[in-house]
>>> print(open('my_file15.pdb').read())   # PDB, C-alpha atoms, pLDDT in the B column
ATOM      1  CA  MET A   1      63.979  45.963  15.901  1.00 73.00           C
ATOM      2  CA  VAL A   2      63.177  49.552  15.119  1.00 58.00           C
ATOM      3  CA  LEU A   3      59.989  50.440  13.256  1.00 44.00           C
ATOM      4  CA  ALA A   4      60.372  49.056   9.763  1.00 39.00           C
ATOM      5  CA  VAL A   5      59.087  52.241   8.104  1.00 37.00           C
ATOM      6  CA  ALA A   6      62.121  54.202   9.254  1.00 41.00           C
ATOM      7  CA  VAL A   7      64.469  51.326   8.470  1.00 44.00           C
ATOM      8  CA  VAL A   8      63.204  50.878   4.937  1.00 44.00           C
ATOM      9  CA  VAL A   9      63.463  54.572   4.166  1.00 39.00           C
ATOM     10  CA  ALA A  10      67.108  54.476   5.196  1.00 42.00           C
ATOM     11  CA  VAL A  11      67.844  51.194   3.433  1.00 46.00           C
ATOM     12  CA  VAL A  12      66.319  52.569   0.244  1.00 40.00           C
ATOM     13  CA  ALA A  13      68.623  55.582   0.485  1.00 37.00           C
ATOM     14  CA  LEU A  14      71.617  53.276   0.940  1.00 41.00           C
ATOM     15  CA  LEU A  15      70.755  51.010  -1.958  1.00 40.00           C
ATOM     16  CA  ALA A  16      69.930  53.903  -4.249  1.00 32.00           C
ATOM     17  CA  THR A  17      73.550  55.020  -4.049  1.00 32.00           C
ATOM     18  CA  VAL A  18      74.576  51.915  -5.986  1.00 33.00           C
ATOM     19  CA  GLY A  19      71.954  52.338  -8.677  1.00 27.00           C
ATOM     20  CA  VAL A  20      69.287  49.776  -7.876  1.00 28.00           C
ATOM     21  CA  PRO A  21      66.965  49.247 -10.855  1.00 27.00           C
ATOM     22  CA  ALA A  22      63.259  49.806 -10.273  1.00 28.00           C
ATOM     23  CA  SER A  23      60.943  46.899  -9.499  1.00 32.00           C
ATOM     24  CA  ASP A  24      57.383  46.541  -8.239  1.00 36.00           C
ATOM     25  CA  ASN A  25      56.765  46.177  -4.530  1.00 38.00           C
ATOM     26  CA  ALA A  26      54.682  43.285  -3.242  1.00 35.00           C
ATOM     27  CA  ARG A  27      50.981  44.112  -3.402  1.00 36.00           C
ATOM     28  CA  THR A  28      49.608  41.154  -1.501  1.00 38.00           C
ATOM     29  CA  HIS A  29      49.291  41.455   2.251  1.00 43.00           C
ATOM     30  CA  ARG A  30      49.556  37.743   2.998  1.00 44.00           C
ATOM     31  CA  THR A  31      50.934  35.055   0.701  1.00 50.00           C
ATOM     32  CA  PRO A  32      52.628  31.659   1.133  1.00 78.00           C
ATOM     33  CA  THR A  33      55.360  32.594  -1.357  1.00 92.00           C
ATOM     34  CA  LEU A  34      56.501  36.051  -2.402  1.00 94.00           C
ATOM     35  CA  THR A  35      57.793  36.443  -5.939  1.00 93.00           C
ATOM     36  CA  THR A  36      59.882  39.223  -7.466  1.00 94.00           C
ATOM     37  CA  PRO A  37      61.312  39.584 -10.980  1.00 93.00           C
ATOM     38  CA  PHE A  38      64.573  37.979  -9.815  1.00 96.00           C
ATOM     39  CA  LEU A  39      63.811  35.633  -6.879  1.00 97.00           C
ATOM     40  CA  SER A  40      61.049  34.114  -4.785  1.00 97.00           C
ATOM     41  CA  TYR A  41      60.950  33.152  -1.123  1.00 98.00           C
ATOM     42  CA  ALA A  42      58.551  31.902   1.534  1.00 97.00           C
ATOM     43  CA  PRO A  43      58.001  34.308   4.452  1.00 97.00           C
ATOM     44  CA  PRO A  44      57.358  32.931   7.935  1.00 96.00           C
ATOM     45  CA  ALA A  45      53.786  32.235   8.945  1.00 94.00           C
ATOM     46  CA  GLY A  46      52.228  35.355  10.456  1.00 93.00           C
ATOM     47  CA  TRP A  47      54.528  37.800   8.649  1.00 96.00           C
ATOM     48  CA  SER A  48      52.791  40.090   6.181  1.00 93.00           C
ATOM     49  CA  ALA A  49      53.384  42.847   3.679  1.00 90.00           C
ATOM     50  CA  PRO A  50      52.954  46.359   5.091  1.00 82.00           C
ATOM     51  CA  PRO A  51      49.745  48.245   4.274  1.00 74.00           C
ATOM     52  CA  LEU A  52      50.024  50.255   1.088  1.00 59.00           C
ATOM     53  CA  ASP A  53      49.102  53.461   2.931  1.00 44.00           C
ATOM     54  CA  ARG A  54      51.808  52.980   5.590  1.00 45.00           C
ATOM     55  CA  GLY A  55      53.874  55.798   4.109  1.00 42.00           C
ATOM     56  CA  ALA A  56      55.568  57.164   1.030  1.00 39.00           C
ATOM     57  CA  TRP A  57      58.317  54.554   1.211  1.00 39.00           C
ATOM     58  CA  THR A  58      55.944  51.917  -0.179  1.00 35.00           C
ATOM     59  CA  ASP A  59      56.597  53.356  -3.646  1.00 33.00           C
ATOM     60  CA  ALA A  60      60.390  53.157  -3.290  1.00 38.00           C
ATOM     61  CA  PRO A  61      61.932  50.918  -5.945  1.00 47.00           C
ATOM     62  CA  ALA A  62      64.992  49.574  -4.103  1.00 73.00           C
ATOM     63  CA  LEU A  63      63.345  46.871  -1.974  1.00 80.00           C
ATOM     64  CA  THR A  64      60.674  44.461  -3.064  1.00 90.00           C
ATOM     65  CA  GLY A  65      58.867  41.514  -1.511  1.00 92.00           C
ATOM     66  CA  VAL A  66      58.867  43.331   1.850  1.00 94.00           C
ATOM     67  CA  VAL A  67      57.267  41.601   4.844  1.00 95.00           C
ATOM     68  CA  HIS A  68      57.134  42.479   8.546  1.00 95.00           C
ATOM     69  CA  GLY A  69      56.994  40.251  11.568  1.00 96.00           C
ATOM     70  CA  PRO A  70      54.392  41.003  14.252  1.00 96.00           C
ATOM     71  CA  GLY A  71      54.562  44.494  15.708  1.00 95.00           C
ATOM     72  CA  TYR A  72      54.490  45.846  19.259  1.00 95.00           C
ATOM     73  CA  GLU A  73      54.869  49.107  21.151  1.00 94.00           C
ATOM     74  CA  CYS A  74      57.634  49.883  23.625  1.00 92.00           C
ATOM     75  CA  GLY A  75      58.852  53.136  25.146  1.00 86.00           C
ATOM     76  CA  GLY A  76      56.445  55.126  23.008  1.00 88.00           C
ATOM     77  CA  GLN A  77      57.774  53.680  19.751  1.00 88.00           C
ATOM     78  CA  SER A  78      56.614  51.025  17.295  1.00 91.00           C
ATOM     79  CA  PHE A  79      58.740  47.960  16.645  1.00 92.00           C
ATOM     80  CA  VAL A  80      58.525  44.767  14.597  1.00 95.00           C
ATOM     81  CA  ARG A  81      59.810  41.337  15.570  1.00 96.00           C
ATOM     82  CA  GLY A  82      61.137  40.519  12.113  1.00 97.00           C
ATOM     83  CA  PHE A  83      61.725  41.863   8.642  1.00 96.00           C
ATOM     84  CA  ALA A  84      62.462  40.420   5.207  1.00 96.00           C
ATOM     85  CA  ALA A  85      62.946  41.926   1.756  1.00 96.00           C
ATOM     86  CA  ALA A  86      64.704  41.332  -1.545  1.00 96.00           C
ATOM     87  CA  ALA A  87      66.858  43.593  -3.701  1.00 95.00           C
ATOM     88  CA  LEU A  88      68.628  43.421  -7.043  1.00 95.00           C
ATOM     89  CA  LEU A  89      71.960  45.247  -7.026  1.00 94.00           C
ATOM     90  CA  PRO A  90      74.551  45.809  -9.743  1.00 94.00           C
ATOM     91  CA  THR A  91      77.924  44.160  -9.274  1.00 95.00           C
ATOM     92  CA  GLY A  92      81.269  45.634 -10.230  1.00 93.00           C
ATOM     93  CA  ALA A  93      85.014  45.223  -9.941  1.00 90.00           C
ATOM     94  CA  GLY A  94      85.694  43.730  -6.515  1.00 89.00           C
ATOM     95  CA  VAL A  95      82.033  44.015  -5.533  1.00 95.00           C
ATOM     96  CA  GLY A  96      80.175  40.756  -6.020  1.00 96.00           C
ATOM     97  CA  PRO A  97      77.151  39.152  -4.387  1.00 97.00           C
ATOM     98  CA  ALA A  98      79.070  38.257  -1.209  1.00 97.00           C
ATOM     99  CA  GLU A  99      80.328  41.813  -0.684  1.00 97.00           C
ATOM    100  CA  LEU A 100      76.905  43.306  -1.339  1.00 96.00           C
ATOM    101  CA  ALA A 101      75.249  40.861   1.041  1.00 97.00           C
ATOM    102  CA  GLU A 102      77.687  41.798   3.810  1.00 97.00           C
ATOM    103  CA  ARG A 103      77.238  45.514   3.174  1.00 95.00           C
ATOM    104  CA  LEU A 104      73.472  45.241   3.355  1.00 94.00           C
ATOM    105  CA  ALA A 105      73.472  43.012   6.455  1.00 96.00           C
ATOM    106  CA  ARG A 106      75.940  45.215   8.355  1.00 95.00           C
ATOM    107  CA  TRP A 107      74.118  48.395   7.524  1.00 92.00           C
ATOM    108  CA  PHE A 108      70.683  47.016   8.310  1.00 93.00           C
ATOM    109  CA  ALA A 109      71.861  45.690  11.686  1.00 95.00           C
ATOM    110  CA  ALA A 110      73.506  48.979  12.639  1.00 94.00           C
ATOM    111  CA  THR A 111      70.468  51.020  11.597  1.00 92.00           C
ATOM    112  CA  SER A 112      67.713  48.763  12.936  1.00 92.00           C
ATOM    113  CA  TYR A 113      69.128  48.390  16.437  1.00 94.00           C
ATOM    114  CA  ALA A 114      70.581  51.861  17.021  1.00 92.00           C
ATOM    115  CA  ALA A 115      69.277  53.753  20.046  1.00 88.00           C
ATOM    116  CA  PRO A 116      66.873  56.686  19.503  1.00 81.00           C
ATOM    117  CA  SER A 117      69.745  58.909  20.622  1.00 83.00           C
ATOM    118  CA  GLY A 118      71.836  57.580  17.775  1.00 86.00           C
ATOM    119  CA  ALA A 119      74.099  55.390  19.918  1.00 91.00           C
ATOM    120  CA  PRO A 120      75.217  52.493  17.715  1.00 94.00           C
ATOM    121  CA  PRO A 121      74.679  48.843  18.599  1.00 95.00           C
ATOM    122  CA  ASP A 122      77.450  46.274  18.928  1.00 95.00           C
ATOM    123  CA  VAL A 123      77.697  44.432  15.615  1.00 96.00           C
ATOM    124  CA  SER A 124      79.686  41.286  14.849  1.00 97.00           C
ATOM    125  CA  VAL A 125      79.930  39.555  11.488  1.00 97.00           C
ATOM    126  CA  ALA A 126      80.533  35.834  11.091  1.00 97.00           C
ATOM    127  CA  PRO A 127      82.675  34.556   8.213  1.00 96.00           C
ATOM    128  CA  PRO A 128      80.583  34.275   5.043  1.00 97.00           C
ATOM    129  CA  ARG A 129      79.482  30.779   4.158  1.00 97.00           C
ATOM    130  CA  PRO A 130      78.735  29.316   0.734  1.00 98.00           C
ATOM    131  CA  VAL A 131      75.248  28.001  -0.028  1.00 97.00           C
ATOM    132  CA  PRO A 132      73.738  26.467  -3.161  1.00 97.00           C
ATOM    133  CA  VAL A 133      70.799  28.374  -4.604  1.00 98.00           C
ATOM    134  CA  ASP A 134      68.460  26.873  -7.188  1.00 97.00           C
ATOM    135  CA  GLY A 135      67.628  28.836 -10.306  1.00 95.00           C
ATOM    136  CA  PRO A 136      66.170  28.378 -13.782  1.00 92.00           C
ATOM    137  CA  GLY A 137      69.573  27.424 -15.170  1.00 90.00           C
ATOM    138  CA  GLY A 138      70.439  25.065 -12.344  1.00 95.00           C
ATOM    139  CA  THR A 139      72.170  25.548  -9.009  1.00 97.00           C
ATOM    140  CA  VAL A 140      74.468  28.534  -8.511  1.00 97.00           C
ATOM    141  CA  ALA A 141      76.926  29.355  -5.744  1.00 97.00           C
ATOM    142  CA  GLY A 142      75.487  31.849  -3.282  1.00 98.00           C
ATOM    143  CA  THR A 143      76.829  33.371  -0.073  1.00 98.00           C
ATOM    144  CA  VAL A 144      75.178  33.916   3.300  1.00 98.00           C
ATOM    145  CA  VAL A 145      76.402  36.619   5.659  1.00 98.00           C
ATOM    146  CA  GLU A 146      75.296  36.527   9.294  1.00 98.00           C
ATOM    147  CA  VAL A 147      75.398  39.543  11.573  1.00 98.00           C
ATOM    148  CA  SER A 148      74.739  39.389  15.304  1.00 97.00           C
ATOM    149  CA  VAL A 149      73.749  42.644  16.942  1.00 96.00           C
ATOM    150  CA  ARG A 150      73.334  43.783  20.546  1.00 96.00           C
ATOM    151  CA  ALA A 151      71.280  46.922  21.030  1.00 95.00           C
ATOM    152  CA  PRO A 152      72.288  49.731  23.404  1.00 93.00           C
ATOM    153  CA  ALA A 153      70.469  49.781  26.717  1.00 87.00           C
ATOM    154  CA  GLY A 154      66.913  50.961  26.243  1.00 83.00           C
ATOM    155  CA  PRO A 155      63.469  50.927  27.853  1.00 85.00           C
ATOM    156  CA  ALA A 156      62.413  47.729  29.598  1.00 86.00           C
ATOM    157  CA  GLY A 157      60.492  45.433  27.296  1.00 89.00           C
ATOM    158  CA  CYS A 158      62.208  46.526  24.086  1.00 92.00           C
ATOM    159  CA  SER A 159      64.370  44.304  21.924  1.00 94.00           C
ATOM    160  CA  ALA A 160      67.935  43.880  23.149  1.00 94.00           C
ATOM    161  CA  GLY A 161      69.437  42.347  20.035  1.00 96.00           C
ATOM    162  CA  GLY A 162      68.897  40.415  16.866  1.00 97.00           C
ATOM    163  CA  THR A 163      70.214  38.362  13.994  1.00 98.00           C
ATOM    164  CA  VAL A 164      70.459  39.630  10.423  1.00 98.00           C
ATOM    165  CA  LEU A 165      71.044  37.231   7.553  1.00 98.00           C
ATOM    166  CA  ALA A 166      71.655  38.224   3.942  1.00 98.00           C
ATOM    167  CA  LEU A 167      71.953  35.862   0.994  1.00 98.00           C
ATOM    168  CA  GLY A 168      73.610  37.032  -2.197  1.00 98.00           C
ATOM    169  CA  ALA A 169      73.659  35.130  -5.488  1.00 98.00           C
ATOM    170  CA  PRO A 170      74.706  36.019  -9.034  1.00 96.00           C
ATOM    171  CA  VAL A 171      71.981  36.658 -11.612  1.00 95.00           C
ATOM    172  CA  SER A 172      72.013  38.173 -15.079  1.00 91.00           C
ATOM    173  CA  GLY A 173      71.132  41.609 -13.681  1.00 85.00           C
ATOM    174  CA  GLY A 174      73.876  41.631 -11.025  1.00 95.00           C
ATOM    175  CA  ALA A 175      73.315  40.221  -7.530  1.00 97.00           C
ATOM    176  CA  ALA A 176      70.020  39.000  -6.133  1.00 97.00           C
ATOM    177  CA  LEU A 177      69.818  39.596  -2.377  1.00 97.00           C
ATOM    178  CA  LEU A 178      67.438  38.304   0.259  1.00 97.00           C
ATOM    179  CA  LEU A 179      67.560  39.936   3.685  1.00 97.00           C
ATOM    180  CA  VAL A 180      65.841  38.366   6.693  1.00 98.00           C
ATOM    181  CA  ALA A 181      66.195  39.619  10.257  1.00 97.00           C
ATOM    182  CA  GLY A 182      64.658  38.899  13.606  1.00 97.00           C
ATOM    183  CA  ASP A 183      64.990  39.814  17.258  1.00 97.00           C
ATOM    184  CA  SER A 184      66.992  37.366  19.339  1.00 96.00           C
ATOM    185  CA  ALA A 185      66.866  38.933  22.817  1.00 94.00           C
ATOM    186  CA  GLY A 186      64.543  41.110  24.846  1.00 94.00           C
ATOM    187  CA  GLY A 187      61.146  42.346  23.822  1.00 94.00           C
ATOM    188  CA  PRO A 188      57.724  41.193  24.979  1.00 94.00           C
ATOM    189  CA  THR A 189      56.591  37.627  25.529  1.00 94.00           C
ATOM    190  CA  GLU A 190      53.939  38.222  22.877  1.00 95.00           C
ATOM    191  CA  PRO A 191      54.558  38.603  20.066  1.00 96.00           C
ATOM    192  CA  ALA A 192      57.501  36.279  20.498  1.00 95.00           C
ATOM    193  CA  ALA A 193      60.760  36.735  18.615  1.00 96.00           C
ATOM    194  CA  PRO A 194      61.286  34.364  15.683  1.00 97.00           C
ATOM    195  CA  ASP A 195      63.570  31.458  16.453  1.00 95.00           C
ATOM    196  CA  ARG A 196      66.688  30.852  14.414  1.00 96.00           C
ATOM    197  CA  SER A 197      65.176  27.947  12.492  1.00 97.00           C
ATOM    198  CA  THR A 198      62.496  30.318  11.194  1.00 97.00           C
ATOM    199  CA  LEU A 199      65.100  32.657   9.707  1.00 98.00           C
ATOM    200  CA  ASP A 200      67.066  29.748   8.241  1.00 97.00           C
ATOM    201  CA  ALA A 201      63.910  28.380   6.620  1.00 97.00           C
ATOM    202  CA  VAL A 202      63.380  31.679   4.815  1.00 98.00           C
ATOM    203  CA  LEU A 203      66.873  31.520   3.315  1.00 97.00           C
ATOM    204  CA  ALA A 204      66.413  27.864   2.378  1.00 97.00           C
ATOM    205  CA  SER A 205      63.246  28.746   0.470  1.00 97.00           C
ATOM    206  CA  VAL A 206      64.963  31.169  -1.935  1.00 98.00           C
ATOM    207  CA  ARG A 207      64.720  30.342  -5.637  1.00 97.00           C
ATOM    208  CA  LEU A 208      66.273  32.531  -8.317  1.00 97.00           C
ATOM    209  CA  GLY A 209      64.573  33.698 -11.460  1.00 91.00           C
ATOM    210  CA  PRO A 210      61.257  35.198 -12.455  1.00 81.00           C
ATOM    211  CA  PRO A 211      58.041  33.531 -11.317  1.00 68.00           C
TER     212      PRO A 211
END
>>> encode(input="my_file15.pdb", output="structure tokens")
Amino acid sequence: MVLAVAVVVAVVALLATVGVPASDNARTHRTPTLTTPFLSYAPPAGWSAPPLDRGAWTDAPALTGVVHGPGYECGGQSFVRGFAAAALLPTGAGVGPAELAERLARWFAATSYAAPSGAPPDVSVAPPRPVPVDGPGGTVAGTVVEVSVRAPAGPAGCSAGGTVLALGAPVSGGAALLLVAGDSAGGPTEPAAPDRSTLDAVLASVRLGPP
């Protein structure tokens, strides 16, 4: 997928339009479990938080608990094999955790796999599926949205597509979201793309509530 710096800048702009409250970004470069004020999750082995001096976006409040998969170069650009982050969004009339999860997953897929020329990727969204999510008050009903994306034709050796998963669950501050994405086609042999079980394990590790 496209260089995470550019993706996060754009995602922050998207989320800011719905009034995301500020929260601290992850400060640890490698950790077995990442915690935020509203959820925790376990990133895949080998994924790490971006360096604090990577760019101005590291101070953006919309996303927290950000981790990148291994990076590589292709066609003169930088790419990462995977990406995960959390967000807390306000809900409203007709806009609950499921709708916010789908909005985030669709937008991330379309932005991350667009061609440098701006040509959009092919995006398909599976029906949302319910999932139980553990929290301090017990188990709540969450929703997972899955987006499959096929990138436009690009330089040989670059990613040709990916999978984006977003989990949304109700919390006292609105909707807690966990986004995890990974390449599913194309790209180099090393670093390899994450397999589907790796992405599913990230979602399964989500726990609501403060640390």
>>> axis_aligned_box(input="my_file15.pdb", around="region 138-148 of chain A", padding_each_side="6 Å", output="AutoDock Vina command-line options")
--center_x 73.7 --center_y 32.3 --center_z 1.5 --size_x 18.5 --size_y 26.5 --size_z 39.6
>>> closest_residue(input="my_file15.pdb", among="A:Gly142, A:Pro170, A:Gly162, A:Pro70", to="Ala114 (chain A)", atoms="all atoms listed in the file")
A:Gly162
>>> atom_distance(input="my_file15.pdb", atom1="CA of Gly75 (chain A)", atom2="CA of Gly161 (chain A)")
16.0 Å
>>> resolve_selection(input="my_file15.pdb", expression="the PyMOL selection byres ((chain A and resi 122) around 12)", output="PyMOL selection string")
chain A and resi 106+109-115+119-121+123-125+147-153+160-163
>>> atom_distance(input="my_file15.pdb", atom1="CA of Thr36 (chain A)", atom2="CA of Leu199 (chain A)")
19.1 Å
>>> atom_distance(input="my_file15.pdb", atom1="CA of Leu179 (chain A)", atom2="CA of Val66 (chain A)")
9.5 Å
>>> closest_residue(input="my_file15.pdb", among="A:Ala84, A:Gly187, A:Arg103, A:Gly154", to="Gly118 (chain A)", atoms="only C-alpha atoms")
A:Gly154
>>> closest_residue(input="my_file15.pdb", among="A:Gly168, A:Gly209, A:Pro116, A:Pro132", to="Gln77 (chain A)", atoms="all atoms listed in the file")
A:Pro116
>>> closest_residue(input="my_file15.pdb", among="A:Ala98, A:Gly135, A:Ala175, A:Ala126", to="Ala86 (chain A)", atoms="only C-alpha atoms")
A:Ala175
>>> residues_around(input="my_file15.pdb", residues="Pro97 (chain A)", least_positions_apart="5", cutoff="9 Å", atoms="all atoms listed in the file", output="count of residues only")
14
>>> build_atoms(input="my_file15.pdb", residues="region 197-208 of chain A", atoms="all heavy atoms", output="PDB file, keeping the file's coordinate frame")
ATOM      1  N   SER A 197      65.601  28.852  13.558  1.00 97.00           N
ATOM      2  CA  SER A 197      65.176  27.947  12.492  1.00 97.00           C
ATOM      3  C   SER A 197      64.202  28.628  11.535  1.00 97.00           C
ATOM      4  O   SER A 197      64.159  28.302  10.338  1.00 97.00           O
ATOM      5  CB  SER A 197      64.553  26.676  13.078  1.00 97.00           C
ATOM      6  OG  SER A 197      63.368  26.975  13.793  1.00 97.00           O
ATOM      7  N   THR A 198      63.429  29.582  12.042  1.00 97.00           N
ATOM      8  CA  THR A 198      62.496  30.318  11.194  1.00 97.00           C
ATOM      9  C   THR A 198      63.251  31.168  10.173  1.00 97.00           C
ATOM     10  O   THR A 198      62.912  31.196   8.986  1.00 97.00           O
ATOM     11  CB  THR A 198      61.590  31.214  12.051  1.00 97.00           C
ATOM     12  OG1 THR A 198      60.786  30.391  12.890  1.00 97.00           O
ATOM     13  CG2 THR A 198      60.688  32.087  11.187  1.00 97.00           C
ATOM     14  N   LEU A 199      64.300  31.848  10.627  1.00 98.00           N
ATOM     15  CA  LEU A 199      65.100  32.657   9.707  1.00 98.00           C
ATOM     16  C   LEU A 199      65.818  31.779   8.687  1.00 98.00           C
ATOM     17  O   LEU A 199      65.873  32.107   7.492  1.00 98.00           O
ATOM     18  CB  LEU A 199      66.110  33.497  10.485  1.00 98.00           C
ATOM     19  CG  LEU A 199      65.566  34.413  11.583  1.00 98.00           C
ATOM     20  CD1 LEU A 199      66.698  35.244  12.178  1.00 98.00           C
ATOM     21  CD2 LEU A 199      64.461  35.319  11.061  1.00 98.00           C
ATOM     22  N   ASP A 200      66.364  30.657   9.153  1.00 97.00           N
ATOM     23  CA  ASP A 200      67.066  29.748   8.241  1.00 97.00           C
ATOM     24  C   ASP A 200      66.130  29.188   7.185  1.00 97.00           C
ATOM     25  O   ASP A 200      66.517  28.998   6.026  1.00 97.00           O
ATOM     26  CB  ASP A 200      67.698  28.599   9.025  1.00 97.00           C
ATOM     27  CG  ASP A 200      68.906  29.033   9.840  1.00 97.00           C
ATOM     28  OD1 ASP A 200      69.507  30.084   9.515  1.00 97.00           O
ATOM     29  OD2 ASP A 200      69.249  28.336  10.816  1.00 97.00           O
ATOM     30  N   ALA A 201      64.874  28.923   7.569  1.00 97.00           N
ATOM     31  CA  ALA A 201      63.910  28.380   6.620  1.00 97.00           C
ATOM     32  C   ALA A 201      63.606  29.374   5.506  1.00 97.00           C
ATOM     33  O   ALA A 201      63.372  28.982   4.354  1.00 97.00           O
ATOM     34  CB  ALA A 201      62.627  27.979   7.341  1.00 97.00           C
ATOM     35  N   VAL A 202      63.602  30.667   5.840  1.00 98.00           N
ATOM     36  CA  VAL A 202      63.380  31.679   4.815  1.00 98.00           C
ATOM     37  C   VAL A 202      64.506  31.635   3.784  1.00 98.00           C
ATOM     38  O   VAL A 202      64.266  31.627   2.566  1.00 98.00           O
ATOM     39  CB  VAL A 202      63.272  33.083   5.437  1.00 98.00           C
ATOM     40  CG1 VAL A 202      63.175  34.146   4.343  1.00 98.00           C
ATOM     41  CG2 VAL A 202      62.062  33.165   6.357  1.00 98.00           C
ATOM     42  N   LEU A 203      65.746  31.591   4.239  1.00 97.00           N
ATOM     43  CA  LEU A 203      66.873  31.520   3.315  1.00 97.00           C
ATOM     44  C   LEU A 203      66.823  30.249   2.468  1.00 97.00           C
ATOM     45  O   LEU A 203      67.103  30.275   1.265  1.00 97.00           O
ATOM     46  CB  LEU A 203      68.197  31.572   4.079  1.00 97.00           C
ATOM     47  CG  LEU A 203      68.568  32.890   4.752  1.00 97.00           C
ATOM     48  CD1 LEU A 203      69.973  32.797   5.326  1.00 97.00           C
ATOM     49  CD2 LEU A 203      68.461  34.062   3.789  1.00 97.00           C
ATOM     50  N   ALA A 204      66.464  29.140   3.097  1.00 97.00           N
ATOM     51  CA  ALA A 204      66.413  27.864   2.378  1.00 97.00           C
ATOM     52  C   ALA A 204      65.337  27.839   1.304  1.00 97.00           C
ATOM     53  O   ALA A 204      65.404  27.029   0.380  1.00 97.00           O
ATOM     54  CB  ALA A 204      66.194  26.723   3.370  1.00 97.00           C
ATOM     55  N   SER A 205      64.350  28.731   1.425  1.00 97.00           N
ATOM     56  CA  SER A 205      63.246  28.746   0.470  1.00 97.00           C
ATOM     57  C   SER A 205      63.540  29.555  -0.782  1.00 97.00           C
ATOM     58  O   SER A 205      62.748  29.540  -1.737  1.00 97.00           O
ATOM     59  CB  SER A 205      61.986  29.311   1.144  1.00 97.00           C
ATOM     60  OG  SER A 205      62.096  30.715   1.342  1.00 97.00           O
ATOM     61  N   VAL A 206      64.669  30.257  -0.815  1.00 98.00           N
ATOM     62  CA  VAL A 206      64.963  31.169  -1.935  1.00 98.00           C
ATOM     63  C   VAL A 206      65.171  30.391  -3.224  1.00 98.00           C
ATOM     64  O   VAL A 206      65.905  29.397  -3.277  1.00 98.00           O
ATOM     65  CB  VAL A 206      66.201  32.031  -1.636  1.00 98.00           C
ATOM     66  CG1 VAL A 206      66.614  32.828  -2.852  1.00 98.00           C
ATOM     67  CG2 VAL A 206      65.915  32.972  -0.467  1.00 98.00           C
ATOM     68  N   ARG A 207      64.526  30.865  -4.282  1.00 97.00           N
ATOM     69  CA  ARG A 207      64.720  30.342  -5.637  1.00 97.00           C
ATOM     70  C   ARG A 207      64.946  31.533  -6.548  1.00 97.00           C
ATOM     71  O   ARG A 207      64.218  32.527  -6.498  1.00 97.00           O
ATOM     72  CB  ARG A 207      63.494  29.558  -6.112  1.00 97.00           C
ATOM     73  CG  ARG A 207      63.178  28.335  -5.261  1.00 97.00           C
ATOM     74  CD  ARG A 207      64.260  27.260  -5.399  1.00 97.00           C
ATOM     75  NE  ARG A 207      63.941  26.062  -4.622  1.00 97.00           N
ATOM     76  CZ  ARG A 207      64.285  25.869  -3.347  1.00 97.00           C
ATOM     77  NH1 ARG A 207      64.954  26.822  -2.692  1.00 97.00           N
ATOM     78  NH2 ARG A 207      63.986  24.758  -2.729  1.00 97.00           N
ATOM     79  N   LEU A 208      65.960  31.438  -7.402  1.00 97.00           N
ATOM     80  CA  LEU A 208      66.273  32.531  -8.317  1.00 97.00           C
ATOM     81  C   LEU A 208      65.389  32.490  -9.541  1.00 97.00           C
ATOM     82  O   LEU A 208      64.829  31.442  -9.893  1.00 97.00           O
ATOM     83  CB  LEU A 208      67.734  32.451  -8.730  1.00 97.00           C
ATOM     84  CG  LEU A 208      68.776  32.556  -7.621  1.00 97.00           C
ATOM     85  CD1 LEU A 208      70.170  32.389  -8.204  1.00 97.00           C
ATOM     86  CD2 LEU A 208      68.656  33.876  -6.872  1.00 97.00           C
TER      87      LEU A 208
END
